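Student: Contents of entry33.txt (compact mmCIF, C-alpha atoms and all ligand atoms) are below:
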# COMPACT_ATOMS: atom_id res chain seq x y z
CA MET A 1 149.48 148.55 99.19
CA GLN A 2 152.58 148.24 96.98
CA ARG A 3 153.82 151.30 98.81
CA LEU A 4 154.63 149.09 101.78
CA THR A 5 157.23 147.10 99.86
CA ASN A 6 160.47 147.09 101.83
CA LYS A 7 159.00 149.34 104.51
CA ARG A 8 160.06 148.66 108.09
CA ILE A 9 157.06 148.63 110.38
CA ILE A 10 157.04 148.18 114.13
CA LEU A 11 153.61 146.95 115.13
CA GLY A 12 153.06 147.67 118.82
CA ILE A 13 150.32 145.66 120.50
CA THR A 14 148.88 146.63 123.87
CA GLY A 15 146.43 144.81 126.12
CA GLY A 16 142.89 144.70 124.78
CA ILE A 17 140.48 142.26 123.22
CA ALA A 18 141.18 143.79 119.76
CA ALA A 19 144.74 142.38 120.01
CA TYR A 20 143.53 139.32 118.09
CA LYS A 21 143.02 141.59 115.04
CA SER A 22 146.74 142.41 115.08
CA ALA A 23 147.41 138.96 113.67
CA GLU A 24 145.45 139.85 110.52
CA LEU A 25 147.11 143.26 110.33
CA THR A 26 150.51 141.55 110.46
CA ARG A 27 149.45 139.34 107.55
CA PHE A 28 148.36 142.36 105.47
CA TYR A 29 151.66 144.12 106.13
CA LYS A 30 153.66 141.02 105.24
CA SER A 31 151.76 140.28 102.06
CA ALA A 32 152.31 143.91 100.99
CA GLY A 33 156.06 143.28 101.24
CA ALA A 34 156.79 145.10 104.52
CA ASP A 35 159.29 143.92 107.10
CA VAL A 36 157.36 143.72 110.37
CA ARG A 37 158.71 143.61 113.92
CA ILE A 38 156.18 143.07 116.68
CA VAL A 39 156.52 144.63 120.12
CA MET A 40 153.97 143.50 122.72
CA THR A 41 153.24 144.86 126.16
CA HIS A 42 152.90 142.30 128.95
CA ALA A 43 149.11 142.80 128.94
CA ALA A 44 148.97 142.12 125.17
CA THR A 45 150.52 138.68 125.71
CA GLN A 46 147.45 137.80 127.81
CA PHE A 47 145.23 138.26 124.74
CA ILE A 48 147.30 136.74 121.91
CA THR A 49 150.44 134.62 121.98
CA SER A 50 153.77 135.93 120.78
CA LEU A 51 154.20 132.60 118.97
CA THR A 52 151.28 133.39 116.64
CA LEU A 53 152.73 136.79 115.80
CA GLN A 54 156.23 135.38 115.39
CA ALA A 55 154.94 132.86 112.87
CA LEU A 56 153.05 135.54 110.94
CA SER A 57 155.75 138.21 110.99
CA GLY A 58 158.65 135.82 110.45
CA ASN A 59 160.60 137.71 113.14
CA THR A 60 161.23 137.26 116.83
CA VAL A 61 158.59 139.07 118.85
CA HIS A 62 159.88 141.61 121.37
CA THR A 63 158.13 141.64 124.73
CA SER A 64 160.62 142.84 127.31
CA LEU A 65 162.95 145.77 127.78
CA LEU A 66 165.19 143.74 130.01
CA ASP A 67 165.64 140.65 127.85
CA PRO A 68 169.41 140.15 127.27
CA GLU A 69 168.77 137.67 124.44
CA ALA A 70 166.51 140.05 122.50
CA GLU A 71 168.89 142.97 123.17
CA ALA A 72 171.74 140.89 121.73
CA GLY A 73 169.67 140.39 118.53
CA MET A 74 168.33 143.91 117.95
CA GLY A 75 168.58 146.24 120.95
CA HIS A 76 165.76 148.66 121.74
CA ILE A 77 167.62 151.72 120.45
CA GLU A 78 168.53 149.89 117.24
CA LEU A 79 164.89 148.88 116.89
CA ALA A 80 163.77 152.49 117.41
CA ARG A 81 166.16 153.63 114.65
CA TRP A 82 165.23 150.73 112.35
CA ALA A 83 161.55 151.62 111.99
CA ASP A 84 160.08 153.67 109.15
CA ILE A 85 156.86 153.88 111.13
CA ILE A 86 155.53 152.63 114.48
CA VAL A 87 151.86 151.64 114.48
CA ILE A 88 150.30 150.73 117.80
CA ALA A 89 147.17 148.68 117.25
CA PRO A 90 145.33 148.26 119.48
CA ALA A 91 146.37 151.20 121.66
CA SER A 92 144.74 150.99 125.11
CA ALA A 93 143.74 153.90 127.34
CA ASP A 94 146.52 152.92 129.71
CA PHE A 95 149.07 153.03 126.89
CA MET A 96 147.87 156.47 125.76
CA ALA A 97 148.25 157.75 129.34
CA ARG A 98 151.74 156.32 129.73
CA LEU A 99 152.83 157.67 126.34
CA GLU A 100 151.46 161.12 127.15
CA SER A 101 153.29 161.28 130.45
CA GLY A 102 156.59 160.31 128.80
CA MET A 103 156.98 157.07 130.73
CA ALA A 104 159.47 154.47 129.56
CA ASN A 105 158.52 151.62 131.85
CA ASP A 106 158.29 148.93 129.19
CA LEU A 107 159.79 148.23 125.79
CA LEU A 108 156.99 149.80 123.72
CA THR A 109 156.91 153.15 125.57
CA THR A 110 160.72 153.23 125.53
CA LEU A 111 160.75 152.71 121.76
CA CYS A 112 158.21 155.48 121.28
CA LEU A 113 160.40 157.87 123.27
CA ALA A 114 163.57 156.88 121.44
CA THR A 115 162.33 156.88 117.84
CA ASP A 116 162.32 159.56 115.15
CA ALA A 117 159.84 157.51 113.10
CA PRO A 118 156.21 158.65 112.78
CA LEU A 119 153.99 157.28 115.53
CA VAL A 120 150.42 156.18 114.87
CA LEU A 121 147.89 154.90 117.39
CA ALA A 122 144.78 152.89 116.57
CA PRO A 123 142.88 153.11 119.85
CA ALA A 124 140.61 150.36 121.11
CA MET A 125 138.76 150.52 124.40
CA ASN A 126 135.33 150.65 125.99
CA GLN A 127 133.27 153.63 124.79
CA ALA A 128 133.07 155.17 128.27
CA MET A 129 136.84 154.93 128.67
CA TRP A 130 137.29 156.61 125.28
CA ARG A 131 134.88 159.42 126.18
CA SER A 132 136.42 159.98 129.62
CA ALA A 133 137.98 163.39 130.25
CA HIS A 134 141.38 161.80 130.97
CA THR A 135 141.54 159.92 127.68
CA GLN A 136 140.27 162.91 125.70
CA LYS A 137 142.90 165.15 127.33
CA ASN A 138 145.63 162.58 126.51
CA LEU A 139 144.35 162.39 122.92
CA LYS A 140 144.66 166.17 122.47
CA LEU A 141 148.13 166.34 124.02
CA LEU A 142 149.40 163.41 121.95
CA GLU A 143 147.98 164.95 118.76
CA GLN A 144 149.80 168.20 119.61
CA ARG A 145 153.01 166.15 119.61
CA ASP A 146 152.34 165.04 116.01
CA ILE A 147 151.16 161.59 117.01
CA THR A 148 148.53 160.42 114.56
CA PHE A 149 145.30 158.65 115.54
CA TRP A 150 143.48 156.29 113.20
CA GLY A 151 140.03 155.68 114.64
CA PRO A 152 138.50 154.56 116.80
CA ALA A 153 135.40 153.42 114.92
CA SER A 154 131.97 153.43 116.47
CA GLY A 155 129.75 150.40 116.89
CA GLU A 156 129.04 147.38 119.00
CA GLN A 157 131.79 146.52 121.44
CA ALA A 158 133.01 143.21 122.88
CA CYS A 159 131.59 144.22 126.29
CA GLY A 160 128.11 144.76 124.79
CA ASP A 161 128.25 148.59 124.82
CA VAL A 162 127.66 150.57 121.66
CA GLY A 163 129.73 153.68 120.85
CA PRO A 164 133.18 154.92 119.86
CA GLY A 165 136.15 152.73 120.85
CA ARG A 166 136.34 149.93 118.30
CA MET A 167 139.73 149.47 116.65
CA LEU A 168 139.65 150.16 112.90
CA GLU A 169 139.57 147.02 110.78
CA PRO A 170 143.05 145.63 109.99
CA ILE A 171 142.62 146.23 106.23
CA ASP A 172 141.83 149.92 106.87
CA ILE A 173 144.90 150.30 109.10
CA ALA A 174 147.04 148.61 106.43
CA LEU A 175 145.68 150.94 103.71
CA LEU A 176 146.24 154.02 105.89
CA THR A 177 149.80 152.86 106.55
CA ALA A 178 150.39 152.54 102.80
CA GLN A 179 149.01 156.06 102.27
CA ARG A 180 151.58 157.43 104.72
CA PHE A 181 154.27 156.48 102.21
CA SER A 182 152.43 157.73 99.12
CA ASN A 183 154.43 160.97 98.91
CA LEU A 184 157.58 159.04 97.99
CA SER A 185 158.26 159.56 94.30
CA LEU A 186 158.97 155.90 93.44
CA SER A 187 156.54 154.25 95.85
CA GLY A 188 155.34 150.95 94.47
CA LYS A 189 157.90 150.92 91.64
CA THR A 190 160.45 148.19 91.04
CA VAL A 191 163.84 149.41 89.85
CA HIS A 192 166.59 147.19 88.45
CA ILE A 193 170.08 148.64 88.04
CA THR A 194 173.20 147.21 86.44
CA ALA A 195 176.41 148.43 88.06
CA GLY A 196 180.16 147.96 88.05
CA PRO A 197 182.34 146.43 85.36
CA THR A 198 182.12 143.05 83.67
CA ARG A 199 185.04 140.66 83.41
CA GLU A 200 185.52 138.75 80.18
CA ALA A 201 187.72 135.74 80.77
CA ILE A 202 190.65 135.06 78.43
CA ASP A 203 191.86 131.97 80.26
CA PRO A 204 191.45 130.68 83.84
CA VAL A 205 193.65 133.48 85.27
CA ARG A 206 193.22 136.52 82.97
CA TYR A 207 190.33 138.74 81.90
CA ILE A 208 189.42 141.94 80.05
CA SER A 209 187.69 144.58 82.19
CA ASN A 210 187.55 148.30 82.96
CA HIS A 211 187.85 150.70 85.89
CA SER A 212 184.21 150.94 86.92
CA SER A 213 184.00 150.87 90.73
CA GLY A 214 180.21 150.50 90.98
CA LYS A 215 179.97 153.76 93.00
CA MET A 216 177.53 155.43 90.59
CA GLY A 217 175.22 152.42 90.23
CA TYR A 218 175.16 151.68 93.96
CA ALA A 219 174.45 155.36 94.75
CA ILE A 220 171.48 155.22 92.34
CA ALA A 221 170.22 152.10 94.13
CA GLN A 222 170.42 153.89 97.48
CA ALA A 223 168.58 156.93 96.11
CA ALA A 224 165.86 154.71 94.61
CA ILE A 225 165.37 152.97 97.98
CA GLU A 226 165.04 156.38 99.64
CA ALA A 227 162.42 157.27 97.02
CA GLY A 228 160.35 154.26 98.07
CA ALA A 229 161.19 151.78 95.31
CA LYS A 230 161.90 148.07 95.50
CA VAL A 231 165.44 147.84 94.17
CA LYS A 232 167.68 145.20 92.68
CA ILE A 233 171.31 145.63 91.57
CA ILE A 234 172.86 143.27 89.06
CA SER A 235 176.50 143.94 89.66
CA GLY A 236 179.85 143.04 88.24
CA PRO A 237 182.78 142.57 90.65
CA VAL A 238 183.13 145.63 92.94
CA ASN A 239 184.35 146.34 96.46
CA ILE A 240 181.16 147.98 97.75
CA PRO A 241 178.76 146.30 100.18
CA CYS A 242 175.21 145.72 99.02
CA PRO A 243 173.11 148.71 100.22
CA ASP A 244 170.57 148.08 102.94
CA ARG A 245 167.21 146.74 101.61
CA VAL A 246 168.59 146.22 98.11
CA ASP A 247 168.60 142.80 96.49
CA CYS A 248 172.10 142.34 95.02
CA VAL A 249 172.96 139.75 92.38
CA GLN A 250 176.67 139.32 91.67
CA VAL A 251 177.86 138.36 88.20
CA GLU A 252 181.16 138.46 86.31
CA SER A 253 180.67 138.50 82.56
CA ALA A 254 178.28 140.36 80.23
CA ASP A 255 176.58 137.07 79.35
CA GLN A 256 175.94 136.38 83.04
CA MET A 257 174.72 139.94 83.55
CA LEU A 258 172.26 139.63 80.69
CA ALA A 259 170.95 136.29 82.00
CA ALA A 260 170.50 137.76 85.51
CA VAL A 261 168.77 140.85 84.11
CA LEU A 262 166.31 138.81 82.05
CA THR A 263 165.41 136.47 84.95
CA ASP A 264 162.74 138.80 86.33
CA ILE A 265 162.63 141.68 83.88
CA ASP A 266 158.82 141.42 83.71
CA GLU A 267 158.66 142.63 87.33
CA CYS A 268 160.74 145.71 86.55
CA ASP A 269 159.14 149.17 86.07
CA ILE A 270 162.38 151.10 85.63
CA PHE A 271 165.64 149.67 84.27
CA ILE A 272 168.87 151.65 84.65
CA GLY A 273 171.95 150.44 82.78
CA CYS A 274 174.84 151.98 84.68
CA ALA A 275 177.26 149.07 84.32
CA ALA A 276 180.35 149.46 82.19
CA VAL A 277 179.68 146.31 80.21
CA ALA A 278 182.59 145.12 78.10
CA ASP A 279 181.60 145.55 74.45
CA PHE A 280 183.72 142.56 73.44
CA LYS A 281 184.80 139.23 74.89
CA PRO A 282 187.46 136.75 73.72
CA ALA A 283 186.14 134.54 70.92
CA VAL A 284 187.56 131.50 72.66
CA LEU A 285 187.98 130.91 76.38
CA ALA A 286 191.20 128.93 76.82
CA ASP A 287 190.86 125.91 79.12
CA ASN A 288 194.35 126.40 80.48
CA LYS A 289 196.58 129.39 81.16
CA LEU A 290 197.91 130.67 77.83
CA LYS A 291 201.67 130.22 77.50
CA LYS A 292 203.87 133.19 76.63
CA GLY A 293 205.72 131.28 73.89
CA THR A 294 208.52 132.85 71.89
CA SER A 295 206.57 135.32 69.72
CA ALA A 296 206.92 139.06 70.54
CA THR A 297 203.23 139.68 69.87
CA MET A 298 199.98 137.96 70.65
CA THR A 299 196.64 138.35 68.88
CA LEU A 300 193.39 137.89 70.70
CA GLU A 301 190.24 137.52 68.64
CA LEU A 302 187.26 139.30 70.21
CA VAL A 303 183.56 138.95 69.51
CA LYS A 304 180.76 141.33 70.44
CA ASN A 305 178.95 140.92 73.74
CA PRO A 306 175.16 141.16 73.85
CA ASP A 307 173.94 144.70 74.48
CA ILE A 308 172.05 144.41 77.77
CA VAL A 309 170.26 147.76 77.93
CA ALA A 310 169.28 147.52 74.23
CA THR A 311 167.92 143.99 74.79
CA VAL A 312 165.74 145.28 77.64
CA ALA A 313 164.57 148.28 75.60
CA ALA A 314 163.67 146.06 72.64
CA ARG A 315 161.05 144.15 74.62
CA SER A 316 157.45 144.75 73.65
CA ASN A 317 156.51 145.49 77.29
CA LYS A 318 159.75 147.27 78.07
CA PRO A 319 160.25 149.03 81.40
CA PHE A 320 161.13 152.74 81.43
CA THR A 321 164.71 152.26 80.26
CA VAL A 322 167.62 154.50 81.18
CA GLY A 323 171.12 154.12 79.77
CA PHE A 324 174.42 155.84 80.43
CA ALA A 325 176.82 157.02 77.74
CA ALA A 326 180.43 157.02 78.92
CA GLU A 327 182.31 159.13 76.39
CA THR A 328 185.71 160.76 76.06
CA GLN A 329 184.78 162.99 73.09
CA ASN A 330 181.68 164.43 71.38
CA LEU A 331 179.76 163.59 74.57
CA LEU A 332 176.29 164.86 73.72
CA GLU A 333 176.36 163.78 70.08
CA HIS A 334 177.35 160.19 70.97
CA ALA A 335 174.86 160.11 73.83
CA ARG A 336 172.01 161.18 71.54
CA ALA A 337 172.98 158.51 69.03
CA LYS A 338 172.85 155.86 71.79
CA LEU A 339 169.50 157.15 73.06
CA SER A 340 168.04 156.51 69.66
CA SER A 341 169.93 153.36 68.51
CA LYS A 342 169.24 151.56 71.82
CA ASN A 343 165.60 152.76 71.99
CA LEU A 344 166.08 154.31 75.44
CA ASP A 345 163.68 156.63 77.27
CA LEU A 346 166.52 158.58 78.87
CA ILE A 347 170.30 158.63 78.66
CA ALA A 348 172.80 160.08 81.13
CA ALA A 349 175.79 161.43 79.25
CA ASN A 350 178.93 160.99 81.35
CA ASP A 351 182.23 162.65 80.41
CA VAL A 352 184.71 159.99 81.52
CA ALA A 353 187.78 161.85 80.20
CA ASN A 354 187.59 164.13 83.25
CA ALA A 355 189.06 162.58 86.45
CA GLU A 356 186.35 164.23 88.59
CA THR A 357 183.50 162.73 86.59
CA GLY A 358 184.88 159.44 85.42
CA PHE A 359 185.40 155.89 86.55
CA ASN A 360 186.04 155.37 90.26
CA ALA A 361 185.65 159.07 91.15
CA ASP A 362 183.50 160.02 94.16
CA SER A 363 181.93 162.89 92.21
CA ASN A 364 180.22 163.10 88.84
CA ALA A 365 178.27 165.38 86.50
CA LEU A 366 175.70 164.21 83.96
CA THR A 367 173.63 165.55 81.11
CA LEU A 368 170.24 163.88 80.99
CA ILE A 369 168.85 163.59 77.50
CA SER A 370 165.42 162.35 76.45
CA ALA A 371 163.63 162.70 73.11
CA ASP A 372 162.37 166.21 73.89
CA ASP A 373 164.48 167.47 76.76
CA GLN A 374 168.05 168.02 77.93
CA GLN A 375 169.14 168.91 81.47
CA HIS A 376 172.58 169.25 82.98
CA LEU A 377 173.26 168.00 86.52
CA ALA A 378 176.31 169.90 87.77
CA LEU A 379 179.36 168.38 89.43
CA THR A 380 178.59 166.99 92.88
CA SER A 381 179.04 163.80 94.89
CA LYS A 382 177.75 160.61 93.28
CA THR A 383 175.34 160.31 96.22
CA LYS A 384 173.71 163.69 95.54
CA LEU A 385 173.82 163.23 91.79
CA ALA A 386 172.06 159.87 92.11
CA GLN A 387 169.27 161.57 94.11
CA GLN A 388 168.85 164.20 91.38
CA LEU A 389 168.85 161.52 88.67
CA VAL A 390 166.23 159.46 90.55
CA ALA A 391 164.06 162.56 91.06
CA HIS A 392 164.27 163.28 87.30
CA ILE A 393 163.37 159.69 86.41
CA ALA A 394 160.45 159.73 88.88
CA GLU A 395 159.11 162.91 87.31
CA LEU A 396 159.19 161.36 83.83
CA VAL A 397 157.71 158.05 84.98
CA ASN A 398 154.93 159.67 87.03
CA ARG A 399 154.08 162.27 84.38
O1 LIG B 401 181.22 152.64 88.44
P1 LIG B 401 181.84 154.02 88.63
O2 LIG B 401 183.30 153.94 88.92
O3 LIG B 401 181.09 154.84 89.65
O4 LIG B 401 181.74 154.79 87.24
C1 LIG B 401 180.48 155.13 86.74
C2 LIG B 401 180.41 154.93 85.22
C3 LIG B 401 181.37 155.87 84.55
C4 LIG B 401 180.76 153.48 84.86
C5 LIG B 401 178.92 155.24 84.82
O5 LIG B 401 178.59 156.54 85.17
C6 LIG B 401 178.70 155.06 83.33
O6 LIG B 401 178.93 155.94 82.52
N1 LIG B 401 178.26 153.84 82.94
C7 LIG B 401 178.08 153.43 81.55
C8 LIG B 401 179.36 152.82 81.06
C9 LIG B 401 179.28 152.32 79.63
O7 LIG B 401 179.50 151.18 79.40
O8 LIG B 401 178.86 153.22 78.76
P2 LIG B 401 178.69 152.91 77.15
O9 LIG B 401 178.54 154.25 76.56
O10 LIG B 401 179.76 152.04 76.67
O11 LIG B 401 177.35 152.10 77.07
C10 LIG B 401 176.08 152.71 76.80
C11 LIG B 401 175.00 152.03 77.58
O12 LIG B 401 174.86 150.69 77.13
C12 LIG B 401 175.25 151.93 79.07
O13 LIG B 401 174.02 152.10 79.72
C13 LIG B 401 175.76 150.51 79.27
O14 LIG B 401 175.44 149.98 80.54
C14 LIG B 401 174.98 149.79 78.18
N2 LIG B 401 175.66 148.60 77.61
C15 LIG B 401 176.82 148.71 76.93
C16 LIG B 401 177.37 147.58 76.34
C17 LIG B 401 176.73 146.35 76.50
N3 LIG B 401 177.25 145.25 75.96
N4 LIG B 401 175.60 146.27 77.18
C18 LIG B 401 175.05 147.37 77.77
O15 LIG B 401 174.01 147.28 78.40
Please express what this file holds, its structure, as structure tokens.

Tutor:
Amino acid sequence: MQRLTNKRIILGITGGIAAYKSAELTRFYKSAGADVRIVMTHAATQFITSLTLQALSGNTVHTSLLDPEAEAGMGHIELARWADIIVIAPASADFMARLESGMANDLLTTLCLATDAPLVLAPAMNQAMWRSAHTQKNLKLLEQRDITFWGPASGEQACGDVGPGRMLEPIDIALLTAQRFSNLSLSGKTVHITAGPTREAIDPVRYISNHSSGKMGYAIAQAAIEAGAKVKIISGPVNIPCPDRVDCVQVESADQMLAAVLTDIDECDIFIGCAAVADFKPAVLADNKLKKGTSATMTLELVKNPDIVATVAARSNKPFTVGFAAETQNLLEHARAKLSSKNLDLIAANDVANAETGFNADSNALTLISADDQQHLALTSKTKLAQQLVAHIAELVNR
């Protein structure tokens, strides 16, 4: 069920005795790491309280299309765009009929009309209602519109009848939901990425740093999210907002970056060192602003910073570790040397002498080198390049 990590699920609940099972389904989704928003029809609220589902989902439950307070929080169109999937469980015969006829007379049907997300129905109703010609016709028409049906199961029903119409068990619906996301290349993987520059303080007002903007690292984070991963960025100071669904940790110096990286490195499957970490820091941090004095020169003693990506790659249970090599000459030779000296699984050689592929550019080109392979990714936007890099990493990791 790891594939549900970070997934945005709208759980629609319609009126039926099986509505009580939606509470357990909400718990399964939540414990698998999904973000769950509940939308209930009026009839559903007669079977289970919105308070129960609010407590379990950790989010306000949506029950009305015409609720100004709810619309001010997350409006129905925003909600429809937000979802990665809409699962309606239980789905009543009445709901199937309204959905088939294209009605938008409550919040749930309106969402279904407005969304581009996949729609799944887990029907639950009396066996005779399920077998009826109307319901069977609605089922066929809805299936023709790419709406998926999970169940119903057959068996003893709350009304005493025996036959098809039981809602699938919540665990089965949760597992089927996870399977829907299984085609994503990094589903279930946790990716940690360092990005941006570090700042090495000289005194309270000055520091040593570089021109890294964070664009490359943040684009990789976005691509990894799109590939289904759980993503964390450990970032030096940049002017880019934290991407949606990414956990961002802000640091300044290399020492702070290393500490933040090591905090939860055991949870990480793939580590990508894209940050331009300062190789050196001042040996002494002055307590007060250094005075200019009368001398025409000034000497600053520097000491080596810890090597973050090499520290990660030296661990006995190291994650799949990817480094970058920012070079201005002998690009591939230096990159290969770093691949081996830092014990990396893959290195992305980056020619930073070229304005189109260097620090702060919107475009880039990379040569990906592993022990037995070399592939060039041609000049393109950092967004597209990040997607190609993530696809390459996924192929190696999943091999
Ligand atoms: O941020 P942008 O403006 O988008 O620019 C992107 C980039 C040019 C910064 C990026 O594509 C890039 O090349 N990042 C690596 C920069 C760098 O520090 O390269 P390096 O060759 O000096 O370091 C080799 C590897 O060791 C890198 O993975 C680096 O993160 C890591 N390293 C270096 C020193 C150190 N003390 N700790 C490290 O982890």

Student: Just the number, please: distance in Å from atom CA of A:Gln374 to atom CA of A:Leu331, one decimal.

Tutor: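 So the answer is 13.0 Å.
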
Student: Take atom CA of A:Val231 and atom CA of A:His192 and report the distance between them in Å, one decimal.

Tutor: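 Taking atom CA of A:Val231 and atom CA of A:His192, their separation equals 5.9 Å.
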
Student: Looking at only C-alpha atoms and all ligand atoms, which of A:Leu285, A:Ala55, A:Ala219, A:Ala378 is the one that sits closest to ligand LIG 401 (chain B)?

Tutor: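 Smallest distance to ligand LIG 401 (chain B) is found for A:Ala219.
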
Student: Could you please extract the residues within 6 Å of ligand LIG 401 (chain B), counting all atoms listed in the file, and hand them back as a PyMOL selection string?

Tutor: chain A and resi 196+212-216+273-279+305-309+323-326+350+358-360

Student: Could you tell me how far atom CA of A:Glu395 sits from atom CA of A:Lys232, in Å to one decimal place?

Tutor: 20.4 Å

Student: From the set A:Trp82, A:Lys291, A:Arg27, A:Val120, which residue has the shortest atom-to-atom contact distance to A:Gly12, counting all atoms listed in the file?

Tutor: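 Of all the options, A:Val120 lies closest to A:Gly12.
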
Student: Which of these residues is nearest to A:Phe320, using all atoms listed in the file: A:Thr190, A:Thr148, A:Ser295, A:Ser209?

Tutor: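 Using all atoms listed in the file, the shortest distance to A:Phe320 belongs to A:Thr190.
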
Student: Using all atoms listed in the file, can you list as a PyMOL selection string the residues within 7 Å of (159.0, 147.0, 93.4)?

Tutor: chain A and resi 5+188-191+229-231

Student: Could the residues in this selection be saved with C-alpha atoms as a PDB file, keeping the file's coordinate frame?

Tutor:
ATOM      1  CA  THR A   5     157.230 147.100  99.860  1.00  0.00           C
ATOM      2  CA  GLY A 188     155.340 150.950  94.470  1.00  0.00           C
ATOM      3  CA  LYS A 189     157.900 150.920  91.640  1.00  0.00           C
ATOM      4  CA  THR A 190     160.450 148.190  91.040  1.00  0.00           C
ATOM      5  CA  VAL A 191     163.840 149.410  89.850  1.00  0.00           C
ATOM      6  CA  ALA A 229     161.190 151.780  95.310  1.00  0.00           C
ATOM      7  CA  LYS A 230     161.900 148.070  95.500  1.00  0.00           C
ATOM      8  CA  VAL A 231     165.440 147.840  94.170  1.00  0.00           C
TER       9      VAL A 231
END

Student: Which is closer to A:Glu252 than all the others in A:Ile265, A:Ile240, A:Val397, A:Ala201, using all atoms listed in the file?

Tutor: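 Between A:Ile265, A:Ile240, A:Val397, A:Ala201, the residue approaching A:Glu252 most closely is A:Ala201.
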
Student: Determine, counting only C-alpha atoms, which protein, DNA and RNA residues have an atom within 8 Å of an atom of A:Ala93; residues of the same chain fewer than 3 positions away are not included. Present the result as a CSV table (one decimal) with C-alpha atoms, in the coordinates of the input.

Tutor:
chain,number,residue,atom,x,y,z
A,96,MET,CA,147.9,156.5,125.8
A,97,ALA,CA,148.2,157.8,129.3
A,123,PRO,CA,142.9,153.1,119.8
A,124,ALA,CA,140.6,150.4,121.1
A,125,MET,CA,138.8,150.5,124.4
A,129,MET,CA,136.8,154.9,128.7
A,130,TRP,CA,137.3,156.6,125.3
A,135,THR,CA,141.5,159.9,127.7

Student: Pick out the residues sitting within 8 Å of A:His42, and hand them over as a ChimeraX atom specification; count all atoms listed in the file, and ignore anything fewer than 5 positions along from it in its own chain.

Tutor: /A:14-15,63-64

Student: Between A:Lys338, A:His76, A:His392, A:Lys137, which has the minimum distance to A:Thr110 (counting only C-alpha atoms)?

Tutor: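 So, comparing all the options, the nearest one is A:His76.
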